[in-house]
file final16.pdb (PDB, C-alpha atoms)
ATOM      1  CA  MET O   1      29.734 -29.376  63.217
ATOM      2  CA  ILE O   2      27.900 -30.519  66.282
ATOM      3  CA  GLN O   3      24.221 -29.842  65.813
ATOM      4  CA  GLY O   4      22.652 -30.426  69.194
ATOM      5  CA  ILE O   5      21.292 -33.374  71.101
ATOM      6  CA  GLY O   6      19.845 -36.252  69.102
ATOM      7  CA  HIS O   7      18.605 -38.545  71.817
ATOM      8  CA  ILE O   8      18.964 -39.753  75.365
ATOM      9  CA  GLY O   9      20.106 -43.354  75.679
ATOM     10  CA  ILE O  10      18.313 -45.443  78.296
ATOM     11  CA  PHE O  11      19.468 -48.983  79.084
ATOM     12  CA  VAL O  12      16.824 -51.311  80.479
ATOM     13  CA  ARG O  13      16.306 -54.880  81.626
ATOM     14  CA  ASP O  14      12.960 -55.414  79.888
ATOM     15  CA  LEU O  15      12.270 -53.241  76.854
ATOM     16  CA  GLU O  16       8.573 -54.184  76.602
ATOM     17  CA  ALA O  17       7.924 -53.229  80.214
ATOM     18  CA  SER O  18       9.897 -49.974  80.057
ATOM     19  CA  LEU O  19       8.205 -48.958  76.812
ATOM     20  CA  GLU O  20       4.817 -49.613  78.315
ATOM     21  CA  GLY O  21       5.642 -47.488  81.375
ATOM     22  CA  LEU O  22       7.159 -44.576  79.481
ATOM     23  CA  CYS O  23       4.466 -44.454  76.787
ATOM     24  CA  ASN O  24       1.795 -44.604  79.470
ATOM     25  CA  LEU O  25       3.506 -41.696  81.247
ATOM     26  CA  LEU O  26       3.725 -39.665  78.048
ATOM     27  CA  GLY O  27       0.262 -40.667  76.805
ATOM     28  CA  ILE O  28       1.568 -41.797  73.437
ATOM     29  CA  PRO O  29       1.259 -45.013  71.420
ATOM     30  CA  ARG O  30       4.036 -47.574  71.735
ATOM     31  CA  PRO O  31       6.623 -47.330  68.952
ATOM     32  CA  PRO O  32       7.874 -50.442  67.156
ATOM     33  CA  ILE O  33      10.691 -52.472  68.664
ATOM     34  CA  LYS O  34      13.623 -53.258  66.407
ATOM     35  CA  ASP O  35      15.529 -56.432  67.042
ATOM     36  CA  ASN O  36      19.173 -56.090  66.092
ATOM     37  CA  THR O  37      20.161 -59.724  65.777
ATOM     38  CA  ASP O  38      23.830 -58.902  65.058
ATOM     39  CA  TRP O  39      24.247 -57.097  68.376
ATOM     40  CA  ARG O  40      21.530 -59.170  70.062
ATOM     41  CA  MET O  41      19.919 -56.023  71.366
ATOM     42  CA  LYS O  42      16.405 -54.662  71.086
ATOM     43  CA  VAL O  43      15.869 -50.946  70.592
ATOM     44  CA  ALA O  44      12.901 -48.582  70.450
ATOM     45  CA  LEU O  45      12.676 -44.822  69.976
ATOM     46  CA  VAL O  46      10.152 -42.882  72.057
ATOM     47  CA  GLU O  47       9.366 -39.322  70.979
ATOM     48  CA  ALA O  48       9.106 -37.192  74.097
ATOM     49  CA  GLY O  49       8.397 -33.544  73.471
ATOM     50  CA  GLY O  50      10.911 -32.975  70.696
ATOM     51  CA  LEU O  51      13.518 -35.272  72.163
ATOM     52  CA  GLN O  52      14.064 -38.927  71.374
ATOM     53  CA  LEU O  53      14.471 -41.460  74.146
ATOM     54  CA  GLU O  54      16.391 -44.459  72.826
ATOM     55  CA  LEU O  55      15.578 -47.529  74.904
ATOM     56  CA  VAL O  56      17.978 -50.434  74.622
ATOM     57  CA  GLU O  57      17.743 -53.964  75.994
ATOM     58  CA  ASP O  58      20.855 -56.074  75.585
ATOM     59  CA  TYR O  59      19.528 -59.623  75.544
ATOM     60  CA  SER O  60      22.934 -61.014  74.633
ATOM     61  CA  GLN O  61      23.838 -60.339  78.281
ATOM     62  CA  GLU O  62      27.418 -60.182  77.046
ATOM     63  CA  THR O  63      28.351 -56.567  76.428
ATOM     64  CA  TRP O  64      29.079 -53.505  78.572
ATOM     65  CA  VAL O  65      25.433 -52.475  78.046
ATOM     66  CA  ALA O  66      24.172 -55.544  79.914
ATOM     67  CA  GLU O  67      26.968 -55.100  82.445
ATOM     68  CA  SER O  68      25.825 -51.529  83.076
ATOM     69  CA  VAL O  69      22.222 -52.709  83.582
ATOM     70  CA  ARG O  70      23.331 -55.453  85.953
ATOM     71  CA  GLU O  71      25.153 -52.813  88.015
ATOM     72  CA  ARG O  72      22.589 -50.019  87.988
ATOM     73  CA  GLY O  73      19.259 -51.492  86.915
ATOM     74  CA  ASP O  74      17.300 -49.465  84.354
ATOM     75  CA  HIS O  75      19.074 -46.143  83.872
ATOM     76  CA  ILE O  76      19.619 -43.174  81.654
ATOM     77  CA  HIS O  77      23.073 -43.861  80.301
ATOM     78  CA  HIS O  78      24.099 -41.142  77.858
ATOM     79  CA  PHE O  79      23.078 -38.289  75.669
ATOM     80  CA  CYS O  80      23.908 -38.232  72.009
ATOM     81  CA  LEU O  81      25.249 -35.247  70.099
ATOM     82  CA  LEU O  82      24.622 -35.096  66.368
ATOM     83  CA  SER O  83      27.582 -34.450  64.124
ATOM     84  CA  ASP O  84      27.396 -33.815  60.380
ATOM     85  CA  ASP O  85      31.053 -34.824  60.000
ATOM     86  CA  LEU O  86      32.287 -37.276  62.622
ATOM     87  CA  GLU O  87      35.947 -37.267  61.567
ATOM     88  CA  ALA O  88      36.197 -33.460  61.436
ATOM     89  CA  ASP O  89      34.368 -33.062  64.752
ATOM     90  CA  LEU O  90      36.496 -35.726  66.451
ATOM     91  CA  ALA O  91      39.627 -33.991  65.211
ATOM     92  CA  ALA O  92      38.384 -30.596  66.441
ATOM     93  CA  LEU O  93      37.371 -32.093  69.795
ATOM     94  CA  GLY O  94      40.717 -33.865  70.044
ATOM     95  CA  ARG O  95      42.469 -30.494  69.784
ATOM     96  CA  ARG O  96      40.422 -29.426  72.824
ATOM     97  CA  GLY O  97      41.437 -32.531  74.795
ATOM     98  CA  VAL O  98      38.317 -34.647  74.191
ATOM     99  CA  ARG O  99      39.092 -38.276  73.469
ATOM    100  CA  ALA O 100      36.992 -41.107  72.045
ATOM    101  CA  LYS O 101      36.539 -44.447  73.789
ATOM    102  CA  MET O 102      36.920 -46.420  70.589
ATOM    103  CA  PRO O 103      39.602 -46.196  67.895
ATOM    104  CA  SER O 104      37.054 -45.196  65.251
ATOM    105  CA  PRO O 105      33.280 -44.893  64.710
ATOM    106  CA  VAL O 106      31.176 -48.055  64.518
ATOM    107  CA  LYS O 107      27.732 -48.743  63.098
ATOM    108  CA  GLY O 108      25.284 -48.256  65.970
ATOM    109  CA  LEU O 109      21.913 -49.836  66.711
ATOM    110  CA  ARG O 110      20.070 -47.267  64.614
ATOM    111  CA  GLY O 111      22.247 -47.947  61.584
ATOM    112  CA  LYS O 112      24.189 -44.676  61.951
ATOM    113  CA  ARG O 113      27.925 -44.309  62.477
ATOM    114  CA  ILE O 114      28.530 -43.527  66.132
ATOM    115  CA  ILE O 115      31.335 -43.213  68.625
ATOM    116  CA  PHE O 116      31.384 -42.896  72.397
ATOM    117  CA  LEU O 117      33.559 -40.278  74.046
ATOM    118  CA  GLU O 118      35.815 -40.857  77.041
ATOM    119  CA  SER O 119      33.749 -39.652  80.001
ATOM    120  CA  GLU O 120      36.700 -38.236  81.914
ATOM    121  CA  THR O 121      37.421 -35.847  79.045
ATOM    122  CA  VAL O 122      33.854 -34.468  78.881
ATOM    123  CA  GLY O 123      33.019 -33.707  82.507
ATOM    124  CA  GLY O 124      32.367 -37.256  83.701
ATOM    125  CA  VAL O 125      29.256 -37.922  81.637
ATOM    126  CA  SER O 126      28.620 -40.598  78.998
ATOM    127  CA  VAL O 127      28.321 -38.904  75.624
ATOM    128  CA  GLU O 128      27.809 -40.446  72.187
ATOM    129  CA  LEU O 129      28.555 -38.705  68.924
ATOM    130  CA  SER O 130      26.412 -39.822  65.984
ATOM    131  CA  GLU O 131      25.663 -39.046  62.376
ATOM    132  CA  PRO O 132      22.250 -37.324  62.130
TER     133      PRO O 132
ATOM    134  CA  MET H   1      -0.790 -30.669  80.441
ATOM    135  CA  ILE H   2       2.646 -32.130  79.999
ATOM    136  CA  GLN H   3       4.574 -29.955  77.584
ATOM    137  CA  GLY H   4       7.703 -31.910  76.787
ATOM    138  CA  ILE H   5      11.133 -32.335  78.285
ATOM    139  CA  GLY H   6      12.564 -29.423  80.255
ATOM    140  CA  HIS H   7      16.001 -30.664  81.133
ATOM    141  CA  ILE H   8      18.209 -33.640  81.837
ATOM    142  CA  GLY H   9      19.432 -33.860  85.421
ATOM    143  CA  ILE H  10      23.079 -34.797  85.880
ATOM    144  CA  PHE H  11      24.500 -35.433  89.335
ATOM    145  CA  VAL H  12      28.230 -34.855  89.739
ATOM    146  CA  ARG H  13      30.995 -34.917  92.328
ATOM    147  CA  ASP H  14      32.658 -31.670  91.271
ATOM    148  CA  LEU H  15      30.448 -29.141  89.499
ATOM    149  CA  GLU H  16      33.328 -26.878  88.412
ATOM    150  CA  ALA H  17      35.172 -29.758  86.778
ATOM    151  CA  SER H  18      32.071 -31.201  85.074
ATOM    152  CA  LEU H  19      31.023 -27.785  83.789
ATOM    153  CA  GLU H  20      34.469 -27.206  82.361
ATOM    154  CA  GLY H  21      34.404 -30.574  80.580
ATOM    155  CA  LEU H  22      30.893 -30.245  79.176
ATOM    156  CA  CYS H  23      31.279 -26.635  78.062
ATOM    157  CA  ASN H  24      34.578 -27.496  76.419
ATOM    158  CA  LEU H  25      32.841 -30.365  74.603
ATOM    159  CA  LEU H  26      29.995 -28.135  73.460
ATOM    160  CA  GLY H  27      32.229 -25.152  72.676
ATOM    161  CA  ILE H  28      30.167 -22.776  74.794
ATOM    162  CA  PRO H  29      30.977 -20.372  77.633
ATOM    163  CA  ARG H  30      30.533 -21.612  81.182
ATOM    164  CA  PRO H  31      27.208 -20.621  82.709
ATOM    165  CA  PRO H  32      26.998 -19.196  86.229
ATOM    166  CA  ILE H  33      26.884 -21.575  89.197
ATOM    167  CA  LYS H  34      24.091 -21.017  91.684
ATOM    168  CA  ASP H  35      24.734 -21.970  95.273
ATOM    169  CA  ASN H  36      21.572 -23.098  97.032
ATOM    170  CA  THR H  37      22.595 -22.705 100.638
ATOM    171  CA  ASP H  38      19.281 -24.105 101.954
ATOM    172  CA  TRP H  39      19.807 -27.416 100.190
ATOM    173  CA  ARG H  40      23.609 -27.110 100.268
ATOM    174  CA  MET H  41      23.774 -27.941  96.597
ATOM    175  CA  LYS H  42      25.335 -26.133  93.659
ATOM    176  CA  VAL H  43      23.546 -26.099  90.326
ATOM    177  CA  ALA H  44      24.297 -24.886  86.811
ATOM    178  CA  LEU H  45      22.306 -25.020  83.594
ATOM    179  CA  VAL H  46      24.119 -25.821  80.361
ATOM    180  CA  GLU H  47      22.290 -25.107  77.114
ATOM    181  CA  ALA H  48      22.994 -27.977  74.736
ATOM    182  CA  GLY H  49      21.299 -27.687  71.369
ATOM    183  CA  GLY H  50      17.833 -26.743  72.594
ATOM    184  CA  LEU H  51      17.981 -28.917  75.687
ATOM    185  CA  GLN H  52      19.089 -27.900  79.152
ATOM    186  CA  LEU H  53      21.531 -30.030  81.098
ATOM    187  CA  GLU H  54      21.049 -29.374  84.803
ATOM    188  CA  LEU H  55      24.252 -30.184  86.686
ATOM    189  CA  VAL H  56      23.935 -30.662  90.422
ATOM    190  CA  GLU H  57      26.624 -31.092  93.070
ATOM    191  CA  ASP H  58      25.353 -31.955  96.540
ATOM    192  CA  TYR H  59      28.053 -30.610  98.834
ATOM    193  CA  SER H  60      25.952 -31.342 101.913
ATOM    194  CA  GLN H  61      26.882 -34.996 101.300
ATOM    195  CA  GLU H  62      23.716 -35.806 103.201
ATOM    196  CA  THR H  63      20.902 -36.389 100.721
ATOM    197  CA  TRP H  64      19.956 -39.093  98.228
ATOM    198  CA  VAL H  65      21.657 -36.981  95.524
ATOM    199  CA  ALA H  66      25.056 -37.371  97.213
ATOM    200  CA  GLU H  67      24.231 -41.021  97.919
ATOM    201  CA  SER H  68      23.510 -41.579  94.230
ATOM    202  CA  VAL H  69      26.845 -39.975  93.279
ATOM    203  CA  ARG H  70      28.728 -42.066  95.839
ATOM    204  CA  GLU H  71      27.188 -45.185  94.284
ATOM    205  CA  ARG H  72      27.507 -44.336  90.601
ATOM    206  CA  GLY H  73      29.984 -41.479  90.246
ATOM    207  CA  ASP H  74      28.973 -38.680  87.884
ATOM    208  CA  HIS H  75      25.825 -39.759  86.078
ATOM    209  CA  ILE H  76      22.766 -38.685  84.169
ATOM    210  CA  HIS H  77      20.060 -39.184  86.750
ATOM    211  CA  HIS H  78      16.697 -38.122  85.340
ATOM    212  CA  PHE H  79      14.807 -36.261  82.696
ATOM    213  CA  CYS H  80      12.294 -33.599  83.595
ATOM    214  CA  LEU H  81       8.856 -33.196  82.059
ATOM    215  CA  LEU H  82       7.268 -29.749  82.123
ATOM    216  CA  SER H  83       3.740 -29.482  83.441
ATOM    217  CA  ASP H  84       1.618 -26.336  83.339
ATOM    218  CA  ASP H  85      -0.571 -27.713  86.142
ATOM    219  CA  LEU H  86       1.192 -30.129  88.480
ATOM    220  CA  GLU H  87      -1.864 -31.109  90.521
ATOM    221  CA  ALA H  88      -4.048 -31.794  87.466
ATOM    222  CA  ASP H  89      -1.281 -33.706  85.706
ATOM    223  CA  LEU H  90      -0.495 -35.762  88.808
ATOM    224  CA  ALA H  91      -4.178 -36.621  89.144
ATOM    225  CA  ALA H  92      -4.414 -37.608  85.475
ATOM    226  CA  LEU H  93      -1.218 -39.659  85.726
ATOM    227  CA  GLY H  94      -2.485 -41.264  88.910
ATOM    228  CA  ARG H  95      -5.533 -42.537  87.026
ATOM    229  CA  ARG H  96      -3.077 -44.229  84.627
ATOM    230  CA  GLY H  97      -1.182 -45.871  87.495
ATOM    231  CA  VAL H  98       1.722 -43.415  87.730
ATOM    232  CA  ARG H  99       2.668 -42.576  91.312
ATOM    233  CA  ALA H 100       4.808 -39.808  92.805
ATOM    234  CA  LYS H 101       7.742 -40.466  95.132
ATOM    235  CA  MET H 102       6.798 -37.617  97.455
ATOM    236  CA  PRO H 103       3.450 -36.750  99.048
ATOM    237  CA  SER H 104       3.311 -33.394  97.236
ATOM    238  CA  PRO H 105       5.463 -31.075  95.108
ATOM    239  CA  VAL H 106       8.427 -29.283  96.718
ATOM    240  CA  LYS H 107      10.400 -26.228  95.700
ATOM    241  CA  GLY H 108      13.331 -27.475  93.634
ATOM    242  CA  LEU H 109      16.826 -26.117  93.103
ATOM    243  CA  ARG H 110      15.713 -23.846  90.289
ATOM    244  CA  GLY H 111      12.967 -22.296  92.409
ATOM    245  CA  LYS H 112      10.167 -24.157  90.596
ATOM    246  CA  ARG H 113       7.702 -26.556  92.162
ATOM    247  CA  ILE H 114       8.782 -30.078  91.288
ATOM    248  CA  ILE H 115       7.993 -33.671  92.135
ATOM    249  CA  PHE H 116       9.751 -36.934  91.347
ATOM    250  CA  LEU H 117       7.776 -39.890  90.027
ATOM    251  CA  GLU H 118       8.088 -43.448  91.288
ATOM    252  CA  SER H 119      10.420 -45.085  88.769
ATOM    253  CA  GLU H 120       8.680 -48.465  88.841
ATOM    254  CA  THR H 121       5.466 -46.826  87.605
ATOM    255  CA  VAL H 122       7.141 -45.110  84.612
ATOM    256  CA  GLY H 123       9.195 -47.854  83.027
ATOM    257  CA  GLY H 124      12.075 -47.935  85.517
ATOM    258  CA  VAL H 125      13.479 -44.496  84.746
ATOM    259  CA  SER H 126      13.902 -41.481  87.065
ATOM    260  CA  VAL H 127      11.489 -38.785  85.947
ATOM    261  CA  GLU H 128      10.848 -35.360  87.470
ATOM    262  CA  LEU H 129       7.740 -33.289  86.847
ATOM    263  CA  SER H 130       8.255 -29.519  87.102
ATOM    264  CA  GLU H 131       6.499 -26.231  86.567
ATOM    265  CA  PRO H 132       7.839 -24.600  83.388
TER     266      PRO H 132
END

call {"tool": "encode", "arguments": {"input": "final16.pdb", "output": "structure tokens"}}
result
Amino acid sequence: MIQGIGHIGIFVRDLEASLEGLCNLLGIPRPPIKDNTDWRMKVALVEAGGLQLELVEDYSQETWVAESVRERGDHIHHFCLLSDDLEADLAALGRRGVRAKMPSPVKGLRGKRIIFLESETVGGVSVELSEP
Amino acid sequence: MIQGIGHIGIFVRDLEASLEGLCNLLGIPRPPIKDNTDWRMKVALVEAGGLQLELVEDYSQETWVAESVRERGDHIHHFCLLSDDLEADLAALGRRGVRAKMPSPVKGLRGKRIIFLESETVGGVSVELSEP
């Protein structure tokens, strides 16, 4: 079952600078930055009033994440829905016409299995489905 | 004081179509659409696991909202922080280097006083401050 929103995904050019700005805005200490050397991306989770903001910097400059940042600058990219059973939820969503962007879930930056949905099948918005 | 995140703002080309897609994804009934004839924008609030998604269609085609949609298509534009005292919070944020985009708060689409913050002063992201 889908259990609500897990985080908002924000793609940025410079993770250090964005973290500093957002934590200053929220009046909270800066969280640690994790460097995912496989993906060549840095990620940090900011707790903002019960919601997590997931900030991602793609320093590989090679994936669609970096491409998206080159096009739009820093931007809120997606929201993430939590699913306690990805396969069952994808099958149920598929019966309602929702499609995934990838053939099957992959291990995401936070170490959870995730999958992105096809925007056109969910109202035009970027949505991720993730294990809790 | 800032009391957490109130909603995520999503700007879309076709509110009916986006609502249908998102409500189908979430398995919830479609909420009512409010037509703000002053602003010439339609707005709907989708409840998604404790968080509100505010969908906005600017049918005036004349404001920066429509401009943003022409540039990016449907997209998540901002998150909104709730403030129980806009003037006091803006003053406190100002002392930390956060600036507003507008000279003073305006009445937003939901009838609340709101103000947008200058992205460059909050880590590059679009952030709205709103009365609860």

call {"tool": "residues_around", "arguments": {"input": "final16.pdb", "residues": "H:Leu82", "least_positions_apart": "3", "cutoff": "8 Å", "atoms": "all atoms listed in the file", "output": "NGL selection string"}}
result
:H and (2-6 or 129-132)

call {"tool": "atom_distance", "arguments": {"input": "final16.pdb", "atom1": "atom CA of O:Ser83", "atom2": "atom CA of O:Leu19"}}
result
27.3 Å

call {"tool": "interface_residues", "arguments": {"input": "final16.pdb", "of": "chain H", "to": "chain O", "cutoff": "7 Å", "atoms": "all atoms listed in the file", "output": "MDAnalysis selection string"}}
result
chainID H and resid 3:5 17:22 25 48:50 74:78 93 98 121:125

call {"tool": "calpha_fit_and_write", "arguments": {"input": "final16.pdb", "fixed": "chain H", "moving": "chain O", "output": "short mmCIF file (atom, residue, chain, number, x, y, z; two decimals) with C-alpha atoms, keeping the file's coordinate frame"}}
result
data_model
loop_
_atom_site.label_atom_id
_atom_site.label_comp_id
_atom_site.auth_asym_id
_atom_site.auth_seq_id
_atom_site.Cartn_x
_atom_site.Cartn_y
_atom_site.Cartn_z
CA MET O 1 -0.78 -30.69 80.41
CA ILE O 2 2.65 -32.14 79.98
CA GLN O 3 4.58 -29.98 77.57
CA GLY O 4 7.71 -31.93 76.77
CA ILE O 5 11.14 -32.33 78.27
CA GLY O 6 12.56 -29.41 80.23
CA HIS O 7 15.99 -30.67 81.13
CA ILE O 8 18.20 -33.63 81.83
CA GLY O 9 19.42 -33.86 85.42
CA ILE O 10 23.08 -34.79 85.88
CA PHE O 11 24.50 -35.43 89.35
CA VAL O 12 28.22 -34.85 89.74
CA ARG O 13 31.00 -34.93 92.31
CA ASP O 14 32.66 -31.67 91.27
CA LEU O 15 30.45 -29.14 89.51
CA GLU O 16 33.33 -26.88 88.42
CA ALA O 17 35.16 -29.75 86.77
CA SER O 18 32.07 -31.19 85.07
CA LEU O 19 31.03 -27.77 83.79
CA GLU O 20 34.46 -27.20 82.37
CA GLY O 21 34.40 -30.56 80.58
CA LEU O 22 30.89 -30.24 79.18
CA CYS O 23 31.28 -26.62 78.06
CA ASN O 24 34.58 -27.49 76.42
CA LEU O 25 32.85 -30.37 74.61
CA LEU O 26 30.00 -28.14 73.46
CA GLY O 27 32.24 -25.15 72.68
CA ILE O 28 30.17 -22.78 74.79
CA PRO O 29 30.97 -20.37 77.62
CA ARG O 30 30.54 -21.61 81.18
CA PRO O 31 27.19 -20.62 82.71
CA PRO O 32 26.99 -19.21 86.24
CA ILE O 33 26.88 -21.57 89.20
CA LYS O 34 24.10 -21.02 91.71
CA ASP O 35 24.74 -21.98 95.28
CA ASN O 36 21.57 -23.10 97.02
CA THR O 37 22.59 -22.71 100.64
CA ASP O 38 19.28 -24.12 101.96
CA TRP O 39 19.80 -27.44 100.18
CA ARG O 40 23.59 -27.11 100.28
CA MET O 41 23.77 -27.94 96.61
CA LYS O 42 25.34 -26.14 93.67
CA VAL O 43 23.55 -26.10 90.33
CA ALA O 44 24.31 -24.87 86.82
CA LEU O 45 22.30 -25.01 83.60
CA VAL O 46 24.12 -25.81 80.36
CA GLU O 47 22.28 -25.12 77.10
CA ALA O 48 23.00 -27.98 74.73
CA GLY O 49 21.30 -27.72 71.38
CA GLY O 50 17.84 -26.77 72.60
CA LEU O 51 17.99 -28.93 75.68
CA GLN O 52 19.07 -27.92 79.16
CA LEU O 53 21.52 -30.02 81.11
CA GLU O 54 21.05 -29.37 84.82
CA LEU O 55 24.25 -30.17 86.69
CA VAL O 56 23.94 -30.66 90.43
CA GLU O 57 26.62 -31.08 93.08
CA ASP O 58 25.35 -31.96 96.54
CA TYR O 59 28.05 -30.63 98.84
CA SER O 60 25.95 -31.36 101.91
CA GLN O 61 26.88 -35.01 101.30
CA GLU O 62 23.70 -35.83 103.20
CA THR O 63 20.90 -36.41 100.73
CA TRP O 64 19.95 -39.12 98.22
CA VAL O 65 21.65 -36.99 95.54
CA ALA O 66 25.05 -37.39 97.20
CA GLU O 67 24.23 -41.03 97.92
CA SER O 68 23.52 -41.59 94.23
CA VAL O 69 26.85 -39.98 93.28
CA ARG O 70 28.72 -42.06 95.83
CA GLU O 71 27.20 -45.19 94.26
CA ARG O 72 27.52 -44.34 90.58
CA GLY O 73 29.99 -41.48 90.24
CA ASP O 74 28.97 -38.68 87.88
CA HIS O 75 25.81 -39.75 86.07
CA ILE O 76 22.77 -38.67 84.17
CA HIS O 77 20.05 -39.18 86.73
CA HIS O 78 16.69 -38.11 85.32
CA PHE O 79 14.80 -36.24 82.70
CA CYS O 80 12.30 -33.59 83.60
CA LEU O 81 8.86 -33.18 82.05
CA LEU O 82 7.28 -29.75 82.12
CA SER O 83 3.75 -29.48 83.44
CA ASP O 84 1.61 -26.34 83.33
CA ASP O 85 -0.58 -27.71 86.14
CA LEU O 86 1.19 -30.12 88.47
CA GLU O 87 -1.87 -31.10 90.52
CA ALA O 88 -4.06 -31.78 87.46
CA ASP O 89 -1.28 -33.71 85.70
CA LEU O 90 -0.50 -35.76 88.81
CA ALA O 91 -4.17 -36.62 89.16
CA ALA O 92 -4.41 -37.61 85.47
CA LEU O 93 -1.21 -39.66 85.73
CA GLY O 94 -2.47 -41.27 88.93
CA ARG O 95 -5.53 -42.53 87.04
CA ARG O 96 -3.09 -44.23 84.64
CA GLY O 97 -1.18 -45.87 87.51
CA VAL O 98 1.73 -43.40 87.76
CA ARG O 99 2.67 -42.56 91.32
CA ALA O 100 4.81 -39.80 92.81
CA LYS O 101 7.73 -40.46 95.15
CA MET O 102 6.82 -37.62 97.46
CA PRO O 103 3.46 -36.75 99.05
CA SER O 104 3.33 -33.40 97.25
CA PRO O 105 5.48 -31.07 95.11
CA VAL O 106 8.43 -29.29 96.71
CA LYS O 107 10.40 -26.22 95.70
CA GLY O 108 13.33 -27.47 93.61
CA LEU O 109 16.83 -26.10 93.09
CA ARG O 110 15.69 -23.84 90.26
CA GLY O 111 12.97 -22.28 92.40
CA LYS O 112 10.16 -24.15 90.60
CA ARG O 113 7.69 -26.56 92.15
CA ILE O 114 8.77 -30.08 91.29
CA ILE O 115 7.99 -33.67 92.13
CA PHE O 116 9.75 -36.93 91.36
CA LEU O 117 7.78 -39.88 90.05
CA GLU O 118 8.09 -43.45 91.28
CA SER O 119 10.43 -45.10 88.78
CA GLU O 120 8.68 -48.46 88.85
CA THR O 121 5.48 -46.83 87.61
CA VAL O 122 7.13 -45.11 84.62
CA GLY O 123 9.20 -47.87 83.03
CA GLY O 124 12.08 -47.93 85.52
CA VAL O 125 13.48 -44.49 84.75
CA SER O 126 13.91 -41.47 87.05
CA VAL O 127 11.49 -38.77 85.95
CA GLU O 128 10.84 -35.35 87.46
CA LEU O 129 7.75 -33.28 86.85
CA SER O 130 8.26 -29.52 87.09
CA GLU O 131 6.50 -26.23 86.56
CA PRO O 132 7.83 -24.58 83.37
#

call {"tool": "atom_distance", "arguments": {"input": "final16.pdb", "atom1": "atom CA of O:Glu54", "atom2": "atom CA of O:Arg110"}}
result
9.4 Å

call {"tool": "atom_distance", "arguments": {"input": "final16.pdb", "atom1": "atom CA of H:Thr37", "atom2": "atom CA of H:Arg113"}}
result
17.6 Å

call {"tool": "residues_around", "arguments": {"input": "final16.pdb", "residues": "H:Glu87", "least_positions_apart": "4", "cutoff": "9 Å", "atoms": "all atoms listed in the file", "output": "list in words"}}
result
Ala91, Ala92, Ser104 and Pro105 of chain H

call {"tool": "write_last_selection", "arguments": {"input": "final16.pdb", "atoms": "C-alpha atoms", "output": "short mmCIF file (atom, residue, chain, number, x, y, z; two decimals), keeping the file's coordinate frame"}}
result
data_model
loop_
_atom_site.label_atom_id
_atom_site.label_comp_id
_atom_site.auth_asym_id
_atom_site.auth_seq_id
_atom_site.Cartn_x
_atom_site.Cartn_y
_atom_site.Cartn_z
CA ALA H 91 -4.18 -36.62 89.14
CA ALA H 92 -4.41 -37.61 85.48
CA SER H 104 3.31 -33.39 97.24
CA PRO H 105 5.46 -31.08 95.11
#

call {"tool": "closest_residue", "arguments": {"input": "final16.pdb", "among": "H:Gly9, H:Val65, H:Asp89, H:Leu109", "to": "H:Asp35", "atoms": "all atoms listed in the file"}}
result
H:Leu109
